[in-house]
Amino acid sequence: MTPFIKKKEIKKDWYIINAQNAAVGRLAAYISKVLRGKNKATYNPHMDNGDFVVVTNIDKIRFTGKKFTNKKYFKHTGHPGGIKESTPSSLKEKNKTEQILKLAVKRMLPGGPLAKKQLTKLKIYNGDKHPHDIQKPKIIDFEKLNKKNIIK
């Protein structure tokens, strides 16, 4: 019989990732895994036992190929003819670079209330500075996990 972990036994860690020159899709896949708690031995799909992730230097994130200009994000207002379209380059022009990664991570999480709760544990910042030093986050060297993670 598999022992289930109780809510009060869950220990949430803090991790920090430097997104400089990181590939968006690979970074989002890794972050979604950590947010869900799939990197732990105590993973349960129905519980929120994931960790907090702080991402810095999001303004220096990279896309492979022509995705920066050709990729399209769609959103619907709910009214007839209310489909809105944006690209990563248009989001960067509007200084919404954190939205690029947030959309990628959100779409890698399963839909539902648990995923919305897990997405709140993602903290994204443009520069090197962040207000989470008091939590003593562990540094994840994203470049050393796989050589394809960083675009030169």
# chains A, B, ... in the order shown; residues from 1 in each chain; ligands from 1
>>> residues_around(residues="Ile58 in chain A", least_positions_apart="4", cutoff="10 Å", atoms="only C-alpha atoms", output="number ranges by chain")
A: 17-22, 24, 62, 96-101, 124-128
>>> write_last_selection(atoms="C-alpha atoms", output="short mmCIF file (atom, residue, chain, number, x, y, z; two decimals), in the first residue's frame")
data_model
loop_
_atom_site.label_atom_id
_atom_site.label_comp_id
_atom_site.auth_asym_id
_atom_site.auth_seq_id
_atom_site.Cartn_x
_atom_site.Cartn_y
_atom_site.Cartn_z
CA ILE A 17 16.59 30.06 -11.79
CA ASN A 18 18.52 32.53 -13.92
CA ALA A 19 16.69 32.67 -17.29
CA GLN A 20 19.44 34.49 -19.18
CA ASN A 21 19.69 33.00 -22.71
CA ALA A 22 17.41 30.10 -21.69
CA VAL A 24 11.50 29.31 -23.29
CA ARG A 62 15.33 33.41 -25.91
CA LYS A 96 5.30 42.24 -20.59
CA THR A 97 8.14 39.74 -20.93
CA GLU A 98 7.02 37.93 -17.77
CA GLN A 99 3.74 37.10 -19.57
CA ILE A 100 5.66 35.06 -22.18
CA LEU A 101 7.00 32.60 -19.60
CA ILE A 124 9.04 36.22 -12.21
CA TYR A 125 11.40 39.24 -12.21
CA ASN A 126 13.06 41.23 -15.02
CA GLY A 127 16.47 41.86 -13.46
CA ASP A 128 18.78 40.06 -11.03
#
>>> select_by_dssp(residues="range 7-98 of chain A", states="helix (DSSP H, G or I)", output="PDB file with N, CA and C atoms, in the first residue's frame")
ATOM      1  N   LYS A   7      -1.124  16.880   4.529  1.00  0.00           N
ATOM      2  CA  LYS A   7      -0.916  18.284   4.184  1.00  0.00           C
ATOM      3  C   LYS A   7       0.094  18.961   5.117  1.00  0.00           C
ATOM      4  N   LYS A   8       0.061  18.632   6.398  1.00  0.00           N
ATOM      5  CA  LYS A   8       0.974  19.277   7.345  1.00  0.00           C
ATOM      6  C   LYS A   8       2.401  18.738   7.233  1.00  0.00           C
ATOM      7  N   GLU A   9       2.604  17.609   6.557  1.00  0.00           N
ATOM      8  CA  GLU A   9       3.936  17.032   6.372  1.00  0.00           C
ATOM      9  C   GLU A   9       4.639  17.562   5.126  1.00  0.00           C
ATOM     10  N   VAL A  24      12.766  29.130 -23.987  1.00  0.00           N
ATOM     11  CA  VAL A  24      11.496  29.315 -23.287  1.00  0.00           C
ATOM     12  C   VAL A  24      10.795  27.987 -23.005  1.00  0.00           C
ATOM     13  N   GLY A  25      10.679  27.138 -24.011  1.00  0.00           N
ATOM     14  CA  GLY A  25       9.947  25.884 -23.835  1.00  0.00           C
ATOM     15  C   GLY A  25      10.607  24.950 -22.839  1.00  0.00           C
ATOM     16  N   ARG A  26      11.909  24.836 -22.899  1.00  0.00           N
ATOM     17  CA  ARG A  26      12.631  23.966 -21.969  1.00  0.00           C
ATOM     18  C   ARG A  26      12.537  24.499 -20.546  1.00  0.00           C
ATOM     19  N   LEU A  27      12.637  25.806 -20.392  1.00  0.00           N
ATOM     20  CA  LEU A  27      12.532  26.420 -19.068  1.00  0.00           C
ATOM     21  C   LEU A  27      11.126  26.234 -18.504  1.00  0.00           C
ATOM     22  N   ALA A  28      10.116  26.433 -19.333  1.00  0.00           N
ATOM     23  CA  ALA A  28       8.732  26.286 -18.882  1.00  0.00           C
ATOM     24  C   ALA A  28       8.425  24.839 -18.495  1.00  0.00           C
ATOM     25  N   ALA A  29       8.962  23.887 -19.232  1.00  0.00           N
ATOM     26  CA  ALA A  29       8.739  22.479 -18.907  1.00  0.00           C
ATOM     27  C   ALA A  29       9.358  22.123 -17.557  1.00  0.00           C
ATOM     28  N   TYR A  30      10.553  22.619 -17.311  1.00  0.00           N
ATOM     29  CA  TYR A  30      11.216  22.333 -16.028  1.00  0.00           C
ATOM     30  C   TYR A  30      10.477  23.013 -14.871  1.00  0.00           C
ATOM     31  N   ILE A  31      10.066  24.262 -15.071  1.00  0.00           N
ATOM     32  CA  ILE A  31       9.357  24.993 -14.014  1.00  0.00           C
ATOM     33  C   ILE A  31       8.029  24.323 -13.690  1.00  0.00           C
ATOM     34  N   SER A  32       7.298  23.892 -14.701  1.00  0.00           N
ATOM     35  CA  SER A  32       5.999  23.252 -14.445  1.00  0.00           C
ATOM     36  C   SER A  32       6.172  21.947 -13.677  1.00  0.00           C
ATOM     37  N   LYS A  33       7.256  21.233 -13.938  1.00  0.00           N
ATOM     38  CA  LYS A  33       7.535  20.003 -13.193  1.00  0.00           C
ATOM     39  C   LYS A  33       7.787  20.300 -11.716  1.00  0.00           C
ATOM     40  N   VAL A  34       8.538  21.348 -11.435  1.00  0.00           N
ATOM     41  CA  VAL A  34       8.836  21.717 -10.052  1.00  0.00           C
ATOM     42  C   VAL A  34       7.595  22.262  -9.347  1.00  0.00           C
ATOM     43  N   LEU A  35       6.781  23.052 -10.047  1.00  0.00           N
ATOM     44  CA  LEU A  35       5.572  23.607  -9.443  1.00  0.00           C
ATOM     45  C   LEU A  35       4.573  22.516  -9.056  1.00  0.00           C
ATOM     46  N   ARG A  36       4.483  21.476  -9.863  1.00  0.00           N
ATOM     47  CA  ARG A  36       3.570  20.370  -9.568  1.00  0.00           C
ATOM     48  C   ARG A  36       4.123  19.434  -8.504  1.00  0.00           C
ATOM     49  N   ILE A  58      14.298  37.576 -16.746  1.00  0.00           N
ATOM     50  CA  ILE A  58      13.321  37.104 -17.723  1.00  0.00           C
ATOM     51  C   ILE A  58      13.361  37.946 -19.003  1.00  0.00           C
ATOM     52  N   ASP A  59      13.892  39.162 -18.912  1.00  0.00           N
ATOM     53  CA  ASP A  59      13.974  40.006 -20.099  1.00  0.00           C
ATOM     54  C   ASP A  59      15.021  39.516 -21.092  1.00  0.00           C
ATOM     55  N   LYS A  60      15.874  38.560 -20.690  1.00  0.00           N
ATOM     56  CA  LYS A  60      16.915  38.026 -21.577  1.00  0.00           C
ATOM     57  C   LYS A  60      16.610  36.606 -22.040  1.00  0.00           C
ATOM     58  N   LYS A  67      10.348  31.688 -33.808  1.00  0.00           N
ATOM     59  CA  LYS A  67       9.210  31.720 -32.896  1.00  0.00           C
ATOM     60  C   LYS A  67       8.998  33.087 -32.266  1.00  0.00           C
ATOM     61  N   PHE A  68      10.037  33.870 -32.117  1.00  0.00           N
ATOM     62  CA  PHE A  68       9.908  35.179 -31.475  1.00  0.00           C
ATOM     63  C   PHE A  68       8.959  36.092 -32.258  1.00  0.00           C
ATOM     64  N   THR A  69       8.947  35.968 -33.578  1.00  0.00           N
ATOM     65  CA  THR A  69       8.059  36.807 -34.383  1.00  0.00           C
ATOM     66  C   THR A  69       6.845  36.053 -34.917  1.00  0.00           C
ATOM     67  N   ASN A  70       6.962  34.750 -35.149  1.00  0.00           N
ATOM     68  CA  ASN A  70       5.878  34.006 -35.795  1.00  0.00           C
ATOM     69  C   ASN A  70       4.905  33.330 -34.833  1.00  0.00           C
ATOM     70  N   PRO A  88       5.197  37.003 -29.114  1.00  0.00           N
ATOM     71  CA  PRO A  88       6.214  37.310 -28.111  1.00  0.00           C
ATOM     72  C   PRO A  88       6.905  38.651 -28.354  1.00  0.00           C
ATOM     73  N   SER A  89       7.125  39.018 -29.610  1.00  0.00           N
ATOM     74  CA  SER A  89       7.778  40.304 -29.884  1.00  0.00           C
ATOM     75  C   SER A  89       6.875  41.471 -29.487  1.00  0.00           C
ATOM     76  N   SER A  90       5.556  41.346 -29.696  1.00  0.00           N
ATOM     77  CA  SER A  90       4.652  42.432 -29.290  1.00  0.00           C
ATOM     78  C   SER A  90       4.547  42.519 -27.773  1.00  0.00           C
ATOM     79  N   LEU A  91       4.608  41.374 -27.079  1.00  0.00           N
ATOM     80  CA  LEU A  91       4.576  41.385 -25.620  1.00  0.00           C
ATOM     81  C   LEU A  91       5.854  42.024 -25.066  1.00  0.00           C
ATOM     82  N   LYS A  92       6.986  41.773 -25.718  1.00  0.00           N
ATOM     83  CA  LYS A  92       8.253  42.364 -25.264  1.00  0.00           C
ATOM     84  C   LYS A  92       8.252  43.881 -25.480  1.00  0.00           C
ATOM     85  N   GLU A  93       7.639  44.341 -26.578  1.00  0.00           N
ATOM     86  CA  GLU A  93       7.544  45.776 -26.830  1.00  0.00           C
ATOM     87  C   GLU A  93       6.706  46.472 -25.758  1.00  0.00           C
ATOM     88  N   THR A  97       7.355  40.945 -20.667  1.00  0.00           N
ATOM     89  CA  THR A  97       8.143  39.740 -20.930  1.00  0.00           C
ATOM     90  C   THR A  97       7.817  38.627 -19.939  1.00  0.00           C
ATOM     91  N   GLU A  98       7.367  38.972 -18.730  1.00  0.00           N
ATOM     92  CA  GLU A  98       7.017  37.929 -17.769  1.00  0.00           C
ATOM     93  C   GLU A  98       5.780  37.151 -18.235  1.00  0.00           C
TER      94      GLU A  98
END
>>> closest_residue(among="A:Lys117, A:His130, A:Lys71, A:Lys12", to="Asn57 in chain A", atoms="only C-alpha atoms")
A:His130
>>> select_by_dssp(residues="range 11-152 of chain A", states="strand (DSSP E or B)", output="ChimeraX atom specification")
/A:14-18,22-23,52-56,62,73-76,83-86,122-124,138-140,150
>>> closest_atom_pairs(of="range 77-114 of chain A", to="range 41-51 of chain A", cutoff="12 Å", atoms="only C-alpha atoms", output="CSV")
residue,atom,partner,partner_atom,distance
A:Leu109,CA,A:Pro45,CA,11.3
A:Pro110,CA,A:Pro45,CA,10.1
A:Gly112,CA,A:His46,CA,11.0
A:Pro113,CA,A:Asp48,CA,10.7
A:Leu114,CA,A:Asp48,CA,7.0
>>> write_last_selection(atoms="C-alpha atoms", output="tab-separated table (two decimals), in the first residue's frame")
chain	number	residue	atom	x	y	z
A	109	LEU	CA	0.00	22.62	-16.23
A	110	PRO	CA	-3.29	20.68	-16.27
A	112	GLY	CA	-8.37	23.33	-13.08
A	113	PRO	CA	-8.26	24.96	-9.66
A	114	LEU	CA	-5.17	23.03	-8.50
>>> residues_around(residues="Ile140 in chain A", least_positions_apart="2", cutoff="9 Å", atoms="only C-alpha atoms", output="mmCIF file with N, CA and C atoms, in the first residue's frame")
data_model
loop_
_atom_site.group_PDB
_atom_site.id
_atom_site.type_symbol
_atom_site.label_atom_id
_atom_site.label_comp_id
_atom_site.auth_asym_id
_atom_site.auth_seq_id
_atom_site.Cartn_x
_atom_site.Cartn_y
_atom_site.Cartn_z
ATOM 1 N N TYR A 15 13.276 27.710 -5.000
ATOM 2 C CA TYR A 15 14.353 27.573 -5.973
ATOM 3 C C TYR A 15 14.448 28.860 -6.781
ATOM 4 N N ILE A 16 15.654 29.178 -7.222
ATOM 5 C CA ILE A 16 15.870 30.350 -8.066
ATOM 6 C C ILE A 16 16.558 29.902 -9.348
ATOM 7 N N ILE A 17 16.049 30.405 -10.475
ATOM 8 C CA ILE A 17 16.590 30.058 -11.790
ATOM 9 C C ILE A 17 16.916 31.344 -12.530
ATOM 10 N N ASN A 18 18.122 31.410 -13.087
ATOM 11 C CA ASN A 18 18.518 32.534 -13.924
ATOM 12 C C ASN A 18 18.136 32.191 -15.364
ATOM 13 N N LYS A 138 17.312 27.907 -3.118
ATOM 14 C CA LYS A 138 18.419 27.121 -3.650
ATOM 15 C C LYS A 138 18.579 27.473 -5.125
ATOM 16 N N PHE A 142 20.486 26.118 -14.499
ATOM 17 C CA PHE A 142 19.693 25.559 -15.597
ATOM 18 C C PHE A 142 20.558 25.167 -16.784
ATOM 19 N N GLU A 143 21.679 25.841 -16.975
ATOM 20 C CA GLU A 143 22.570 25.542 -18.093
ATOM 21 C C GLU A 143 23.229 24.177 -17.932
ATOM 22 N N LYS A 144 23.546 23.797 -16.699
ATOM 23 C CA LYS A 144 24.242 22.533 -16.464
ATOM 24 C C LYS A 144 23.320 21.316 -16.522
ATOM 25 N N LEU A 145 21.993 21.525 -16.474
ATOM 26 C CA LEU A 145 21.079 20.389 -16.562
ATOM 27 C C LEU A 145 21.136 19.738 -17.938
#
>>> atom_distance(atom1="CA of Lys148 in chain A", atom2="CA of Met108 in chain A")
19.3 Å
>>> residues_around(residues="Tyr73 in chain A", least_positions_apart="5", cutoff="9 Å", atoms="only C-alpha atoms", output="list of chain:residue names")
A:Lys84, A:Glu85, A:Ser86, A:Thr87, A:Pro88, A:Leu103
